[in-house]
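What follows is a short report on a single structure.
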Amino acid sequence: MAKRIGTRTILLEKPPKIIGYGSAVGHLEHEGPLGKEFDFYSNDCRFGEKSFEKAESRLQKTALEHAFRRAGVTPAEVDAVFAGDLLNQCIGSSFGLRELGIPFVGLYGACSTMTLALTMAALTIESGAAETTAAVTSSHFCSAERQYRFPLEYGCVRPQTAQHTVTGSGALILGSSDADKPKITAITVGEIKDFGVKDANNMGAAMAPGAADTLLHYFEDTGTAPDDYDVIYTGDLGAVGTELLYQLLDKDGVDLRCKHSDCGLIIYDRDRQDVHSGGSGCGCSASVLASFVLHRFESGDFHNILFLSTGALLSPTSTLQGESIPTVAHLIRICTD
Amino acid sequence: MKMTAKTYGELVSKVSPPSPKIKDFIGAFLIGGLICVSGQLLQDFYTALSLSDKAVRMAVPSTLVFLSALLTGLNLYQKIAKHAGAGTLVPITGFANAMVSPAIEFKNEGQVLGVGAKMFGIAGPVLVFGISASVIYGIILCLIRLF
């Protein structure tokens with residue numbers, strides 16, 4: 001059974017292994033520094049579909065198919081899939097996975113959805129309710145823009161603090177395996193943190209307190225420090241959010257600088273690509289985890305990491321009504337034996 | 001966490017990079033100015049074709065709106081706008097862009113509730129407040145003329 005330590009960290013006694021993973025991205029992500037890491041990309045931003053929403057569903061299905069292939073499982077062998085995206089009513093997931101015939105749990109945690117899905121997928125296995133589970137999330141620049149901001153062709157200037165929604169999806173299959181595969185050994189579910197940031201074009205600033213709070217709780221609960229890990233990944237804080245996270249943690253005497261990396265900062269080359277403060281979206285952390293990060297485990301570069309997806313829980317309605325942005329970050333620890 | 005929300009707010013303003021104002025001003029001056037110059041050139045052109053004053057006043061904005069809509073459709077307008085600050089936003093070309101871009105974007109949602117309804121999503125408020133302002137201006141002018 002899972003064991004709770006400290007105030008909110010959960011240790012898994014039979015840690016589920018990551019037996020397969022897959023990723024699919026758009027052309028901007030393919031042209032970025034991690035381009036060669038992804039399983040699939042297309043220069044067509046509609047991925048052969050009629051709408052951007054359908055394109056996002058296609059991304060999710062493609063990522064999951066690559067994960068099935070790597071894990072050597074068929075959809076029928078998967079007991080549950082935990083999925084989410086940024087679109088209203090989670091249609092990216094439900095339309096993408098409707099033909100797979102897997103028991104489906106739709107989740108919403110904004111950009112934090114990947115670690116939320118992995119939390120649920122891991123705990124379901126730990127509880128004995130499933131043997132094999134899947135977690136998949138996606139985001140698409142074009143579908144997110146039209147829902148949250150302006151039409152793509154509208155001529156407006158984006159502020160320097162704005163981030164670029166990643167067109168991408170990442171999927172992980174959890175289960176048991178005799179092989180030496182990375183496993184999820186600890187989970188910290190974050191609380192909602194709202195430090196009063198109202199600017200929807202400065203999501204990194206809104207999310208940094210959520211990430212800092214979850215990290216501090218994890219370190220306190222486990223009695224560990226950043227130096228105990230190979231790398232500590234955050235999902236999509238971008239340049240502004242990353243700097244703010246460092247300064248927030250400085251106050252508590254935790255220096256993250258040497259151990260930290262942000263998926264939103266490594267997926268693009270900010271000098272060469274027009275993405276302002278970096279990448280964002282729940283496809284950002286998912287596609288980086290399901291490619292670059294897990295490849296490093298395979299090559300033996302990584303043995304022990306912390307991975308936090310960070311989410312801004314706003315909606316276009318709450319922004320128009322002048323509300324501040326509540327945020328959340330969920331953490332998982334991935335390690336090998 | 002030791003930092004309070006208030007201190008954090010101050011830190012956010014310190015860390016967040018501001019918009020490049022000088023660059024935006026120059027871009028707006030050059031590109032916005034160029035749009036206005038092209039309006040003047042069009043006016044000279046139509047006048048040279050011996051169109052009446054009234055016809056010229058209709059033909060110039062119609063041409064600018066057409067060109068803006070065309071550039072929007074070719075996905076070029078927003079690429080120019082990126083370097084133009086508010087220079088492409090303020091002239092009538094910006095209004096055309098605000099109408100055409102949602103029309104393109106929302107055609108998947110159908111002609112009526114997609115294109116028809118969403119076309120006014122950005123431009124609608126401009127119409128509402130533009131027309132309201134002109135009504136108020138008219139009333140004030142009427143009152144002044146009474147005395």
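Going through the structure tokens in order, the chains are called A, B, and so on, while each chain numbers its residues from 1 and the ligands are numbered from 1 in the order shown.
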Using only C-alpha atoms, which residues of chain A come within 6 Å of chain B, and what is the closest atom pair for each, with the distance in Å to one decimal? Give it as a Markdown table, sorted by chain and residue number.
| residue | atom | partner | partner_atom | distance |
| --- | --- | --- | --- | --- |
| A:Pro151 | CA | B:Pro102 | CA | 5.5 |
| A:Glu153 | CA | B:Ser101 | CA | 5.0 |
| A:Tyr154 | CA | B:Ser101 | CA | 5.3 |
| A:Gly155 | CA | B:Gln78 | CA | 4.0 |
| A:Val157 | CA | B:Lys82 | CA | 5.3 |
| A:Pro159 | CA | B:Ser19 | CA | 5.9 |
| A:Gln160 | CA | B:Ser19 | CA | 5.9 |
| A:Phe195 | CA | B:Ala5 | CA | 4.7 |
| A:Val240 | CA | B:Ser16 | CA | 5.9 |
I'd like to know which residues of chain B are helix (DSSP H, G or I) (by DSSP, run on the backbone); could you write them as a PyMOL selection string?
chain B and resi 5-15+21-48+53-73+77-81+92-105+107-109+111-118+120-146
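Using only C-alpha atoms, the contacts of Ala212 (chain A) at a cut-off of 7 Å, with sequence neighbours closer than 6 positions omitted, comprise A:Leu245, A:Leu248, A:Leu249.
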Just want the 7 Å neighbourhood of Ile31 (chain B), counted on only C-alpha atoms, with same-chain residues fewer than 4 positions away dropped. Output as a PyMOL selection string.
chain B and resi 27+35+84+87
For CA of Ala122 (chain A) and CA of Thr224 (chain A), determine how far apart the two atoms are, in Å to one decimal place.
22.0 Å
Using backbone DSSP assignments, extract all strand (DSSP E or B) residues from region 79-298 of chain A; output them as a VMD selection string.
chain A and resid 80 to 84 104 to 107 133 to 139 164 to 165 168 to 175 183 to 188 193 231 to 234 260 to 262 279 to 280
Give me, as a PDB file with N, CA and C atoms, in the first residue's frame, all polymer residues having an atom no more than 8 Å from Ser285 (chain A), counting only C-alpha atoms and skipping those fewer than 5 positions away in the same chain.
ATOM      1  N   CYS A 111      -1.933  23.047 -17.402  1.00  0.00           N
ATOM      2  CA  CYS A 111      -0.635  22.529 -17.848  1.00  0.00           C
ATOM      3  C   CYS A 111      -0.038  21.528 -16.856  1.00  0.00           C
ATOM      4  N   MET A 114      -0.219  16.491 -16.929  1.00  0.00           N
ATOM      5  CA  MET A 114       0.581  15.286 -17.147  1.00  0.00           C
ATOM      6  C   MET A 114       0.955  14.613 -15.834  1.00  0.00           C
ATOM      7  N   THR A 234      10.741  21.375 -14.105  1.00  0.00           N
ATOM      8  CA  THR A 234       9.411  21.973 -14.014  1.00  0.00           C
ATOM      9  C   THR A 234       8.810  21.952 -15.413  1.00  0.00           C
ATOM     10  N   GLY A 235       7.483  22.057 -15.475  1.00  0.00           N
ATOM     11  CA  GLY A 235       6.782  21.875 -16.741  1.00  0.00           C
ATOM     12  C   GLY A 235       6.932  23.029 -17.710  1.00  0.00           C
ATOM     13  N   ASP A 236       6.414  24.195 -17.336  1.00  0.00           N
ATOM     14  CA  ASP A 236       6.411  25.290 -18.307  1.00  0.00           C
ATOM     15  C   ASP A 236       6.427  26.653 -17.620  1.00  0.00           C
ATOM     16  N   CYS A 263      10.986  22.424 -18.880  1.00  0.00           N
ATOM     17  CA  CYS A 263      10.621  21.860 -20.197  1.00  0.00           C
ATOM     18  C   CYS A 263      10.306  22.977 -21.191  1.00  0.00           C
ATOM     19  N   GLY A 264       9.657  24.049 -20.716  1.00  0.00           N
ATOM     20  CA  GLY A 264       9.299  25.164 -21.591  1.00  0.00           C
ATOM     21  C   GLY A 264      10.509  25.914 -22.126  1.00  0.00           C
ATOM     22  N   SER A 309       4.833  19.108 -13.185  1.00  0.00           N
ATOM     23  CA  SER A 309       4.104  19.881 -14.198  1.00  0.00           C
ATOM     24  C   SER A 309       3.373  20.991 -13.466  1.00  0.00           C
TER      25      SER A 309
END
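Put simply, CA of Leu67 (chain B) is 15.8 Å away from CA of Phe45 (chain B).
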Provide the CA of Val288 (chain A) to CA of Leu215 (chain A) distance in Å, to one decimal place.
19.7 Å
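Residues with any atom within 6 Å of Ser138 (chain A), counting only C-alpha atoms and excluding same-chain neighbours fewer than 4 positions away, are Gln60, Asp85, Gly168, Ser169, Cys282 and Gly283 of chain A.
Ranking A:Gly96, A:Gly26, A:Gly170, A:Gly109 by their shortest atom-to-atom distance to Ser287 (chain A), with only C-alpha atoms included, puts A:Gly170 first.
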